[in-house]
Amino acid sequence: MNTKRPRAEHVLSELRDLAAAFDFRLFTEKPEMAEALNAELLPASEFGRQVDVALALGGDGTVLYTALALHGSGVPIMGVNLGSLGFLTSVSDSEIRPALEAIKNGTCSVSVRDVAECRVFRNDELIGVQRSLNDVVLGWGASSRINTFNLVIDGENVSSFMCDGMIVSTPTGSTAHSLSAGGPILHPGVLGFGINVICPHTLGSRPLVVPNTSCIEIRVVKAVKELILSIDGQDEFLMEQGGRIEIRRSEHGVQFLQLENHSYFSVLAQKLHWRGSSL
């Protein structure tokens with residue numbers, strides 16, 4: 001939970017009282033929350049063995065943290081928003097009671113989301129593996145000079161790009177960094193990845209959508225600056241010329257619990273301020 005949110009204290013109090021009323025056992029990995037929730041301390045690594053549902057209280061960043069911390073555990077997640085409307089949080093802080101009732105009665109709907117697995121190579125040596133619910137972004141650095149990347153899909157060379165960077169997003173992450181760079185919005189039910197070039201040095205570059213069975217490889221052909229590999233908004237690796245990344249669909253997805261009246265398109269319209277055309 002993000003305890004810095006303005007309504008965090010009120011939500012904790014309400015959650016504690018409702019959990020007692022519904023006879024739910026609460027667990028938390030944070031000692032400072034254990035007393036406020038009357039909850040038992042439990043490392044996140046043990047949630048898969050003892051927890052039936054994970055409540056991610058905060059914003060999209062909290063949901064991302066929870067999803068990756070529980071990756072492979074099979075524990076479904078319900079995101080409870082404590083601030084402005086988020087894409088990943090399906091329940092508002094005023095819906096704590098109906099959310100717990102839905103969990104107790106088994107009336108939640110389930111949305112299964114793909115997770116990307118990113119393998120990082122330096123001089124053909126595997127140096128790291130990270131999972132991403134949202135996106136993998138390669139680029140940026142301390143210089144404004146452009147780099148050259150090769151895009152390879154399923155072993156086939158697609159093209160070479162002179163650009164600032166590249167984004168590979170899951171459908172869940174298509175409304176994050178990729179969208180701001182002109183990428184397509186992919187419905188969560190789409191079985192694919194979005195590939196977007198950041199500030200390409202050509203007018204012919206366009207976003208690409210490939211099946212989620214693809215192996216996407218980005219090779220750093222020319223780097224005039226130190227590159228950063230960011231995964232779900234966290235800077236994870238420094239990349240150099242000759243490095244490469246491989247992105248595949250992880251064998252483990254993430255289950256999100258939603259109230260039965262949850263509407264993806266309603267959230268999309270509110271978040272993007274769609275108001276319709278005016279004459």
# chains A, B, ... in the order shown; residues from 1 in each chain; ligands from 1
$ select_by_dssp --residues "stretch 147-255 of chain A" --states "strand (DSSP E or B)" --output "JSON, numbers by chain"
{"A": [147, 148, 149, 150, 151, 152, 153, 156, 157, 158, 159, 160, 161, 162, 163, 165, 166, 167, 168, 169, 192, 193, 194, 195, 196, 197, 198, 208, 209, 210, 211, 216, 217, 218, 219, 220, 221, 222, 227, 228, 229, 230, 231, 234, 235, 236, 237, 238, 239, 244, 245, 246, 247, 248, 249, 254, 255]}
$ residues_around --residues "A:Phe22" --least-positions-apart "4" --cutoff "12 Å" --atoms "only C-alpha atoms" --output "list in words"
Leu15, Arg16, Asp17, Leu18, Leu26, Arg97, Pro98, Ala99, Leu100, Glu101, Ala102, Ile103, Lys104 and Asn105 of chain A
$ write_last_selection --atoms "C-alpha atoms" --output "PDB file, in the first residue's frame"
ATOM      1  CA  LEU A  15     -10.511  -2.041   5.674  1.00  0.00           C
ATOM      2  CA  ARG A  16      -9.601  -3.226   9.178  1.00  0.00           C
ATOM      3  CA  ASP A  17     -13.202  -2.948  10.404  1.00  0.00           C
ATOM      4  CA  LEU A  18     -14.731  -4.580   7.328  1.00  0.00           C
ATOM      5  CA  LEU A  26      -5.247  -9.736   6.705  1.00  0.00           C
ATOM      6  CA  ARG A  97     -17.254  -2.532   1.159  1.00  0.00           C
ATOM      7  CA  PRO A  98     -18.714  -3.763  -2.168  1.00  0.00           C
ATOM      8  CA  ALA A  99     -15.231  -4.944  -3.167  1.00  0.00           C
ATOM      9  CA  LEU A 100     -14.853  -7.109  -0.055  1.00  0.00           C
ATOM     10  CA  GLU A 101     -18.431  -8.344  -0.427  1.00  0.00           C
ATOM     11  CA  ALA A 102     -17.689  -9.370  -4.020  1.00  0.00           C
ATOM     12  CA  ILE A 103     -14.552 -11.216  -2.909  1.00  0.00           C
ATOM     13  CA  LYS A 104     -16.472 -12.988  -0.136  1.00  0.00           C
ATOM     14  CA  ASN A 105     -19.345 -13.939  -2.455  1.00  0.00           C
TER      15      ASN A 105
END
$ atom_distance --atom1 "atom CA of A:Val267" --atom2 "atom CA of A:Thr107"
20.4 Å
$ atom_distance --atom1 "atom CA of A:Pro171" --atom2 "atom CA of A:Ile228"
22.5 Å
$ residues_around --residues "A:Glu40" --least-positions-apart "5" --cutoff "12 Å" --atoms "only C-alpha atoms" --output "PyMOL selection string"
chain A and resi 16+24-35+47+50-51
$ closest_atom_pairs --of "stretch 26-64 of chain A" --to "stretch 130-133 of chain A" --cutoff "12 Å" --atoms "only C-alpha atoms" --output "tab-separated table"
residue	atom	partner	partner_atom	distance
A:Asp60	CA	A:Leu133	CA	11.0
A:Gly61	CA	A:Leu133	CA	10.9
A:Val63	CA	A:Leu133	CA	9.7
A:Leu64	CA	A:Leu133	CA	6.8
$ residues_around --residues "stretch 114-116 of chain A" --least-positions-apart "3" --cutoff "10 Å" --atoms "only C-alpha atoms" --output "PyMOL selection string"
chain A and resi 67-68+71+119+130-136+168-173+188-193+212+231+246-255
$ closest_residue --among "A:Ala54, A:Leu259, A:Ile77, A:Val112" --to "A:His187" --atoms "only C-alpha atoms"
A:Val112
$ select_by_dssp --residues "stretch 144-259 of chain A" --states "alpha helix (DSSP H)" --output "list in words"
His177, Ser178, Leu179 and Ser180 of chain A
$ write_last_selection --atoms "N, CA, C and O atoms" --output "PDB file, in the first residue's frame"
ATOM      1  N   HIS A 177       3.687   4.651 -21.409  1.00  0.00           N
ATOM      2  CA  HIS A 177       4.706   5.401 -22.161  1.00  0.00           C
ATOM      3  C   HIS A 177       4.480   5.311 -23.670  1.00  0.00           C
ATOM      4  O   HIS A 177       4.663   6.282 -24.402  1.00  0.00           O
ATOM      5  N   SER A 178       4.090   4.136 -24.140  1.00  0.00           N
ATOM      6  CA  SER A 178       3.881   3.938 -25.573  1.00  0.00           C
ATOM      7  C   SER A 178       2.835   4.887 -26.129  1.00  0.00           C
ATOM      8  O   SER A 178       3.000   5.446 -27.221  1.00  0.00           O
ATOM      9  N   LEU A 179       1.758   5.087 -25.401  1.00  0.00           N
ATOM     10  CA  LEU A 179       0.688   5.975 -25.859  1.00  0.00           C
ATOM     11  C   LEU A 179       1.191   7.406 -25.998  1.00  0.00           C
ATOM     12  O   LEU A 179       0.877   8.099 -26.976  1.00  0.00           O
ATOM     13  N   SER A 180       2.000   7.853 -25.040  1.00  0.00           N
ATOM     14  CA  SER A 180       2.517   9.217 -25.095  1.00  0.00           C
ATOM     15  C   SER A 180       3.480   9.412 -26.259  1.00  0.00           C
ATOM     16  O   SER A 180       3.708  10.539 -26.711  1.00  0.00           O
TER      17      SER A 180
END
